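**Q** Data file input35.txt (compact mmCIF, C-alpha atoms and all ligand atoms) is appended below.
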```
# COMPACT_ATOMS: atom_id res chain seq x y z
CA MET A 1 -102.09 46.71 -186.94
CA ARG A 2 -98.37 46.91 -187.57
CA VAL A 3 -95.76 45.85 -190.10
CA ARG A 4 -93.41 43.06 -189.07
CA SER A 5 -90.48 41.72 -191.10
CA PRO A 6 -89.62 38.28 -189.76
CA GLU A 7 -87.16 36.08 -191.60
CA PHE A 8 -87.76 32.37 -192.06
CA ASP A 9 -84.90 30.22 -193.26
CA PHE A 10 -86.16 27.31 -195.35
CA THR A 11 -82.68 25.93 -196.10
CA ASP A 12 -83.19 22.85 -193.92
CA VAL A 13 -86.92 22.42 -194.59
CA SER A 14 -88.03 19.53 -196.80
CA PRO A 15 -90.99 19.98 -199.21
CA ARG A 16 -92.43 17.02 -197.29
CA TRP A 17 -92.41 18.87 -193.96
CA GLY A 18 -95.10 16.87 -192.14
CA ALA A 19 -96.10 13.24 -191.62
CA ASN A 20 -99.43 13.66 -193.47
CA LEU A 21 -98.03 14.03 -196.98
CA GLU A 22 -101.47 14.63 -198.49
CA ALA A 23 -102.16 17.56 -196.13
CA VAL A 24 -98.64 18.89 -196.69
CA HIS A 25 -99.12 19.00 -200.46
CA LEU A 26 -102.51 20.63 -200.02
CA VAL A 27 -100.76 23.43 -198.13
CA ASN A 28 -97.79 23.45 -200.54
CA ALA A 29 -100.19 23.97 -203.44
CA GLN A 30 -102.01 26.71 -201.54
CA GLY A 31 -98.63 28.40 -201.11
CA ILE A 32 -98.84 29.82 -204.63
CA ILE A 33 -101.90 31.83 -203.57
CA PRO A 34 -100.14 34.51 -201.49
CA ALA A 35 -97.23 34.72 -203.92
CA TYR A 36 -99.53 36.00 -206.67
CA ILE A 37 -102.75 37.19 -205.08
CA GLU A 38 -101.03 39.52 -202.64
CA PRO A 39 -99.19 41.69 -205.19
CA PHE A 40 -102.60 41.85 -206.91
CA LEU A 41 -104.31 42.90 -203.66
CA ILE A 42 -101.80 45.72 -203.28
CA LYS A 43 -102.50 46.96 -206.82
CA VAL A 44 -106.26 46.83 -206.27
CA MET A 45 -105.97 48.72 -202.99
CA ARG A 46 -103.82 51.38 -204.63
CA ARG A 47 -106.47 51.76 -207.32
CA ALA A 48 -109.17 52.02 -204.63
CA ALA A 49 -107.12 54.57 -202.67
CA GLU A 50 -107.27 56.91 -205.66
CA GLU A 51 -111.06 56.97 -205.28
CA LEU A 52 -110.92 57.97 -201.61
CA ASP A 53 -110.86 61.43 -200.12
CA PRO A 54 -107.48 62.28 -198.54
CA LEU A 55 -109.17 64.17 -195.69
CA VAL A 56 -112.44 62.32 -195.02
CA ASP A 57 -110.80 58.91 -195.53
CA ALA A 58 -107.45 59.68 -193.92
CA GLU A 59 -107.71 56.82 -191.40
CA LEU A 60 -108.75 54.29 -194.04
CA LEU A 61 -105.91 55.42 -196.31
CA ARG A 62 -103.47 54.90 -193.46
CA ASP A 63 -104.85 51.40 -192.91
CA ILE A 64 -104.52 50.64 -196.62
CA ASP A 65 -100.88 51.60 -196.40
CA LEU A 66 -100.31 49.24 -193.44
CA PHE A 67 -102.33 46.52 -195.15
CA ASN A 68 -100.21 46.81 -198.29
CA ARG A 69 -96.99 46.67 -196.30
CA GLN A 70 -98.15 43.55 -194.45
CA GLU A 71 -99.16 41.84 -197.70
CA GLY A 72 -95.79 42.84 -199.19
CA GLN A 73 -94.02 40.96 -196.40
CA HIS A 74 -96.33 37.96 -196.79
CA TYR A 75 -95.71 37.41 -200.47
CA ARG A 76 -91.95 38.00 -200.16
CA LEU A 77 -91.63 35.16 -197.63
CA HIS A 78 -94.11 32.87 -199.37
CA ARG A 79 -92.04 33.14 -202.55
CA ALA A 80 -89.04 31.82 -200.60
CA PHE A 81 -91.22 28.99 -199.27
CA ASN A 82 -92.41 28.20 -202.82
CA ALA A 83 -88.82 28.16 -204.12
CA MET A 84 -88.02 25.55 -201.45
CA ILE A 85 -90.86 23.33 -202.76
CA ARG A 86 -90.03 23.89 -206.44
CA ASP A 87 -86.31 23.23 -205.97
CA GLY A 88 -87.01 20.20 -203.80
CA GLY A 89 -88.11 18.01 -206.73
CA TYR A 90 -91.14 19.68 -208.30
CA PRO A 91 -89.76 21.84 -211.15
CA ASP A 92 -93.02 21.89 -213.14
CA MET A 93 -94.61 23.95 -210.38
CA THR A 94 -93.58 27.03 -212.39
CA ASP A 95 -96.13 26.12 -215.09
CA TYR A 96 -98.96 26.23 -212.56
CA GLU A 97 -97.66 29.48 -211.12
CA ALA A 98 -97.47 31.12 -214.55
CA VAL A 99 -101.13 30.36 -215.30
CA PHE A 100 -102.18 31.73 -211.92
CA GLU A 101 -100.11 34.89 -212.31
CA ARG A 102 -101.64 35.54 -215.73
CA ASP A 103 -105.15 35.37 -214.21
CA TYR A 104 -104.39 38.40 -212.06
CA GLU A 105 -102.96 40.38 -214.95
CA HIS A 106 -106.17 39.55 -216.82
CA PHE A 107 -108.40 40.58 -213.88
CA LEU A 108 -106.60 43.91 -213.52
CA ARG A 109 -107.00 44.63 -217.23
CA THR A 110 -110.62 43.60 -217.65
CA ARG A 111 -112.58 43.85 -214.38
CA SER A 112 -114.24 46.82 -212.69
CA LEU A 113 -112.93 48.13 -209.38
CA ARG A 114 -116.14 46.90 -207.73
CA TRP A 115 -115.50 43.37 -209.01
CA LEU A 116 -111.83 43.49 -208.03
CA LEU A 117 -112.68 44.66 -204.50
CA ALA A 118 -115.38 42.01 -204.05
CA TYR A 119 -112.89 39.33 -205.17
CA CYS A 120 -110.22 40.68 -202.81
CA GLU A 121 -112.73 40.88 -199.97
CA GLY A 122 -113.71 37.26 -200.71
CA PHE A 123 -110.08 36.22 -200.33
CA GLU A 124 -109.59 38.28 -197.18
CA THR A 125 -112.71 36.68 -195.70
CA ILE A 126 -111.45 33.17 -196.44
CA GLY A 127 -108.07 34.02 -194.85
CA SER A 128 -109.29 35.75 -191.73
CA THR A 129 -112.13 33.36 -190.89
CA GLY A 130 -109.76 30.39 -191.28
CA ALA A 131 -106.91 32.03 -189.31
CA GLU A 132 -107.61 30.11 -186.12
CA LEU A 133 -107.01 26.78 -187.92
CA TRP A 134 -103.36 27.79 -188.23
CA VAL A 135 -102.87 30.06 -185.26
CA ASP A 136 -104.42 27.63 -182.77
CA GLY A 137 -102.57 24.58 -184.07
CA LEU A 138 -105.28 22.54 -185.80
CA MET A 139 -103.37 22.62 -189.10
CA GLU A 140 -100.13 21.57 -187.42
CA ALA A 141 -101.94 18.57 -185.95
CA GLU A 142 -103.51 17.71 -189.32
CA LEU A 143 -100.15 17.99 -191.05
CA GLY A 144 -98.33 16.00 -188.39
CA ALA A 145 -95.72 18.75 -188.54
CA ALA A 146 -92.97 19.34 -186.00
CA PRO A 147 -92.11 22.99 -185.23
CA SER A 148 -90.35 24.43 -188.26
CA PRO A 149 -89.99 27.68 -190.24
CA ALA A 150 -92.72 26.37 -192.57
CA VAL A 151 -95.24 26.15 -189.72
CA GLU A 152 -94.12 29.53 -188.38
CA LEU A 153 -94.55 31.20 -191.78
CA TRP A 154 -98.16 30.13 -192.08
CA LYS A 155 -99.00 30.92 -188.45
CA TRP A 156 -97.52 34.42 -188.62
CA HIS A 157 -99.19 35.06 -191.96
CA LEU A 158 -102.65 33.93 -190.88
CA ALA A 159 -102.40 35.87 -187.61
CA GLU A 160 -101.77 39.02 -189.68
CA GLU A 161 -104.62 38.09 -192.01
CA TYR A 162 -106.83 38.15 -188.93
CA GLU A 163 -105.25 41.39 -187.78
CA HIS A 164 -105.99 43.30 -191.01
CA ARG A 165 -109.32 41.57 -191.73
CA THR A 166 -111.44 44.75 -191.77
CA VAL A 167 -109.46 46.82 -194.27
CA VAL A 168 -110.72 45.54 -197.65
CA ASN A 169 -114.23 45.17 -196.22
CA ARG A 170 -114.27 48.83 -195.20
CA VAL A 171 -112.90 49.99 -198.53
CA TYR A 172 -115.50 47.90 -200.38
CA HIS A 173 -118.35 49.33 -198.31
CA ARG A 174 -116.99 52.87 -198.48
CA LEU A 175 -116.98 52.78 -202.29
CA TYR A 176 -119.76 50.30 -203.11
CA GLY A 177 -121.81 49.91 -199.93
CA ARG A 178 -125.06 51.20 -201.44
CA PRO A 179 -127.63 49.96 -202.14
CA ARG A 180 -127.09 47.66 -199.19
CA LEU A 181 -128.92 44.63 -200.55
CA PHE A 182 -126.92 44.69 -203.77
CA ALA A 183 -123.66 45.33 -201.85
CA TRP A 184 -124.31 42.26 -199.68
CA LEU A 185 -125.15 39.95 -202.61
CA TYR A 186 -122.20 41.21 -204.62
CA ARG A 187 -119.83 40.74 -201.66
CA ALA A 188 -121.17 37.21 -201.06
CA ARG A 189 -120.62 36.42 -204.72
CA GLY A 190 -117.03 37.64 -204.33
CA ILE A 191 -116.41 34.94 -201.70
CA VAL A 192 -117.71 32.25 -204.06
CA THR A 193 -115.78 33.62 -207.06
CA ALA A 194 -112.50 33.85 -205.13
CA SER A 195 -112.87 30.45 -203.52
CA ARG A 196 -113.73 28.72 -206.82
CA HIS A 197 -110.89 30.43 -208.65
CA LEU A 198 -108.32 29.56 -205.98
CA ASN A 199 -109.51 25.99 -205.89
CA ARG A 200 -109.39 25.71 -209.69
CA ARG A 201 -105.77 26.88 -209.74
CA THR A 202 -104.40 25.03 -206.71
CA SER A 203 -106.08 21.62 -207.20
CA PRO A 204 -104.09 20.70 -210.34
CA LEU A 205 -100.87 21.74 -208.60
CA ARG A 206 -101.73 19.58 -205.57
CA ARG A 207 -102.35 16.70 -207.97
CA TYR A 208 -98.96 17.25 -209.64
CA LEU A 209 -97.14 17.32 -206.28
CA LEU A 210 -98.88 14.17 -205.08
CA ASP A 211 -98.49 12.32 -208.39
CA THR A 212 -94.77 13.07 -208.35
CA ASP A 213 -94.43 11.38 -204.96
CA ARG A 214 -96.76 8.53 -205.81
CA ARG A 215 -94.55 7.43 -208.69
CA THR A 216 -92.19 5.80 -206.20
CA MET A 217 -94.95 4.24 -204.06
CA THR A 218 -96.11 0.63 -204.11
CA ASP A 219 -99.73 -0.02 -205.12
CA GLU A 220 -100.67 -0.44 -201.47
CA GLN A 221 -98.93 2.78 -200.42
CA ARG A 222 -100.67 4.60 -203.27
CA ARG A 223 -104.06 3.30 -202.18
CA GLN A 224 -103.43 4.44 -198.59
CA SER A 225 -102.26 7.81 -199.84
CA GLN A 226 -105.48 8.25 -201.85
CA GLU A 227 -107.54 7.38 -198.78
CA ARG A 228 -105.65 9.89 -196.64
CA GLU A 229 -106.04 12.52 -199.34
CA ALA A 230 -109.83 12.13 -199.36
CA ALA A 231 -110.10 12.09 -195.56
CA THR A 232 -107.87 15.16 -195.19
CA ALA A 233 -109.86 17.09 -197.80
CA ARG A 234 -113.13 16.18 -196.03
CA ARG A 235 -111.90 17.25 -192.59
CA LEU A 236 -110.28 20.50 -193.67
CA GLY A 237 -113.10 21.37 -196.08
CA ALA A 238 -115.66 21.01 -193.28
CA ALA A 239 -113.52 22.98 -190.80
CA ASN A 240 -113.10 25.86 -193.28
CA LEU A 241 -116.71 25.91 -194.40
CA ARG A 242 -118.02 26.01 -190.83
CA ARG A 243 -115.98 29.14 -190.16
CA LEU A 244 -116.69 30.77 -193.53
CA ALA A 245 -120.47 30.30 -193.36
CA ARG A 246 -121.08 33.32 -191.14
CA ALA A 247 -119.54 35.63 -193.75
CA PHE A 248 -122.56 35.04 -196.01
CA SER A 249 -124.84 36.83 -193.55
CA PRO A 250 -125.97 40.33 -194.59
CA PHE A 251 -124.87 41.42 -191.09
CA TYR A 252 -121.36 40.01 -191.39
CA ASP A 253 -118.75 42.40 -190.08
CA PRO A 254 -115.17 41.09 -189.90
CA ALA A 255 -114.56 43.39 -186.92
CA THR A 256 -116.73 41.03 -184.84
CA THR A 257 -115.01 37.78 -185.94
CA PRO A 258 -113.58 36.33 -182.70
CA PRO A 259 -109.77 36.17 -182.58
CA PRO A 260 -107.87 32.88 -182.54
CA ALA A 261 -106.95 32.01 -178.94
CA GLY A 262 -103.23 32.28 -179.75
CA GLN A 263 -103.47 35.52 -181.75
CA GLN A 264 -101.58 37.81 -179.40
CA ALA A 265 -98.97 35.26 -178.39
CA THR A 266 -98.25 34.46 -182.05
CA LEU A 267 -97.81 38.07 -183.11
CA ALA A 268 -95.79 38.92 -179.99
CA ARG A 269 -93.04 36.68 -181.38
CA TYR A 270 -92.49 39.15 -184.22
CA PRO A 271 -91.74 42.72 -183.19
CA ALA A 272 -92.80 45.61 -185.41
CA ALA A 273 -90.34 46.56 -188.13
CA ALA A 274 -88.17 49.50 -187.10
CA GLY A 275 -89.31 52.89 -188.35
CA ARG A 276 -92.61 51.59 -189.67
CA PRO A 277 -95.87 53.28 -188.68
CA THR A 278 -98.48 51.43 -186.64
CA ASN A 279 -102.01 52.31 -185.69
CA THR A 280 -102.43 50.35 -182.49
FE FE B 1 -101.42 38.03 -196.62
FE FE B 2 -104.68 39.83 -196.32
```
Translate this structure into structure tokens?
**A**
Amino acid sequence: MRVRSPEFDFTDVSPRWGANLEAVHLVNAQGIIPAYIEPFLIKVMRRAAEELDPLVDAELLRDIDLFNRQEGQHYRLHRAFNAMIRDGGYPDMTDYEAVFERDYEHFLRTRSLRWLLAYCEGFETIGSTGAELWVDGLMEAELGAAPSPAVELWKWHLAEEYEHRTVVNRVYHRLYGRPRLFAWLYRARGIVTASRHLNRRTSPLRRYLLDTDRRTMTDEQRRQSQEREAATARRLGAANLRRLARAFSPFYDPATTPPPAGQQATLARYPAAAGRPTNT
């Protein structure tokens, strides 16, 4: 695990960066997730770190530090990606972002550390089990996207999500791993809670993005767009669910999740940031 600081220039990227507009707006809407969840993850992990023992948990604390630095890079670049979408003809996106951001402030104020960690672990599970969809090119094919900084951003991000997939899981089990039956059920609930919440906040944004574009479509184009939207959601929903299903097992351990085929080649494109610690 290491910290990388790539730069992606979105100046020449259009908000409609792939031929399958419906898939593109699905991903564009999902782009608000890292921008707000990842600063929240960092805060939760800092809170958890205070509960750990500096000596006994030294290795885990070091991993938390690397994890936080990786997430810091992710949300910085996703905010630039989101600005490209927003400024490219979708100004009301800020309203959806504001609601989402407030959710995390609310969670941090009102939820227990156990709840927060289970939610974060749910998100990390969704990201790392779905990493191969991006890293191995299935998403690119679905999007009909040519190589671009937008594709690179998501590939790099998801490859790192796979890379740091064990950190929140280990913190959760270190602090709340007993009794084991309860820890499993509570973790599984975290996946459902996170996935429902993210869906509830990104679906209306996806609708807004699509509706904006559909205003200039003919009736026939609109009908075709609606058909593509449904087919895309079905295909990607099934692909994600198939990969996520194993995480509901009581024996799930992210350490044993197989890597995307292109994991190493993807990360090799981005050297470690100078002067940053690594643990590989
Ligand atoms: Fe991330
Ligand atoms: Fe992550």
**Q** Compare A:Val3, A:Leu205, A:Ile37, A:Ile64 by their minimum atom-to-atom distance to ligand FE 1 (chain B), counting all atoms listed in the file, and give me the closest one.
**A**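 Looking at the shortest contact to ligand FE 1 (chain B), the residue is A:Ile37.
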**Q** Between A:Asn20, A:Thr125, A:Ser14, A:Thr94, which one has atoms that come closest to ligand FE 2 (chain B), using only C-alpha atoms and all ligand atoms?
**A**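 The shortest atom-to-atom distance to ligand FE 2 (chain B) comes from A:Thr125.
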**Q** Within 10 Å of ligand FE 2 (chain B), which residues of chain A come that close, and what is the closest atom pair and distance in Å for each? Count only C-alpha atoms and all ligand atoms and give it as CSV.
**A**
```
residue,atom,partner,partner_atom,distance
A:Pro34,CA,B:FE2,FE,8.7
A:Ile37,CA,B:FE2,FE,9.4
A:Glu38,CA,B:FE2,FE,7.3
A:Leu41,CA,B:FE2,FE,8.0
A:Ile42,CA,B:FE2,FE,9.6
A:Phe67,CA,B:FE2,FE,7.2
A:Asn68,CA,B:FE2,FE,8.5
A:Gln70,CA,B:FE2,FE,7.7
A:Glu71,CA,B:FE2,FE,6.0
A:Gly72,CA,B:FE2,FE,9.8
A:His74,CA,B:FE2,FE,8.6
A:Cys120,CA,B:FE2,FE,8.6
A:Glu121,CA,B:FE2,FE,8.9
A:Phe123,CA,B:FE2,FE,7.6
A:Glu124,CA,B:FE2,FE,5.2
A:Thr125,CA,B:FE2,FE,8.6
A:Ile126,CA,B:FE2,FE,9.5
A:Gly127,CA,B:FE2,FE,6.9
A:Ser128,CA,B:FE2,FE,7.7
A:His157,CA,B:FE2,FE,8.5
A:Leu158,CA,B:FE2,FE,8.3
A:Ala159,CA,B:FE2,FE,9.8
A:Glu160,CA,B:FE2,FE,7.3
A:Glu161,CA,B:FE2,FE,4.6
A:Tyr162,CA,B:FE2,FE,7.9
A:Glu163,CA,B:FE2,FE,8.7
A:His164,CA,B:FE2,FE,6.5
A:Arg165,CA,B:FE2,FE,6.8
A:Thr166,CA,B:FE2,FE,9.5
A:Val167,CA,B:FE2,FE,8.7
A:Val168,CA,B:FE2,FE,8.4
```
**Q** Go through A:Phe8, A:Phe40, A:Trp17, A:Tyr172 and flag the residue nearest ligand FE 1 (chain B), using only C-alpha atoms and all ligand atoms for the distances.
**A**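 For ligand FE 1 (chain B), the nearest of the given residues is A:Phe40.
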**Q** Could you work out how far CA of Ala118 in chain A lies from CA of Val192 in chain A, giving the answer in Å with one decimal?
**A** 10.0 Å
**Q** Which one of A:Asn240, A:Val99, A:Ile33, A:Arg189 sits closest to ligand FE 1 (chain B) if you count all atoms listed in the file?
**A** A:Ile33
**Q** Step by step: start from the point (-83.2, 27.9, -196.4) in the file's coordinates, keep every protein, DNA or RNA residue that has an atom no farther than 6 Å from it, count all atoms listed in the file, and write the set as a PyMOL selection string.
**A** chain A and resi 9-12
**Q** For range 242-253 of chain A, take all atoms listed in the file, fit an axis-aligned box around them, add 5 Å to each of the six sides, then output centre and edge lengths in Å rounded to one decimal, as AutoDock Vina command-line options.
**A**
```
--center_x -121.0 --center_y 34.2 --center_z -193.0 --size_x 20.0 --size_y 26.4 --size_z 15.9
```
**Q** Nearest residue to Ser225 in chain A out of A:Glu7, A:Arg242, A:Ala19, A:Ala131, using all atoms listed in the file?
**A**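 Distance minimum relative to Ser225 in chain A lands on A:Ala19.
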**Q** Can you measure CA of Glu59 in chain A to CA of Met45 in chain A for me? One decimal in Å is fine.
**A** 14.2 Å
**Q** Which is closer to ligand FE 1 (chain B) than all the others in A:Ala233, A:Ala273, A:Leu153, A:Ala98, using only C-alpha atoms and all ligand atoms?
**A**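 Result for the nearest residue to ligand FE 1 (chain B): A:Leu153.
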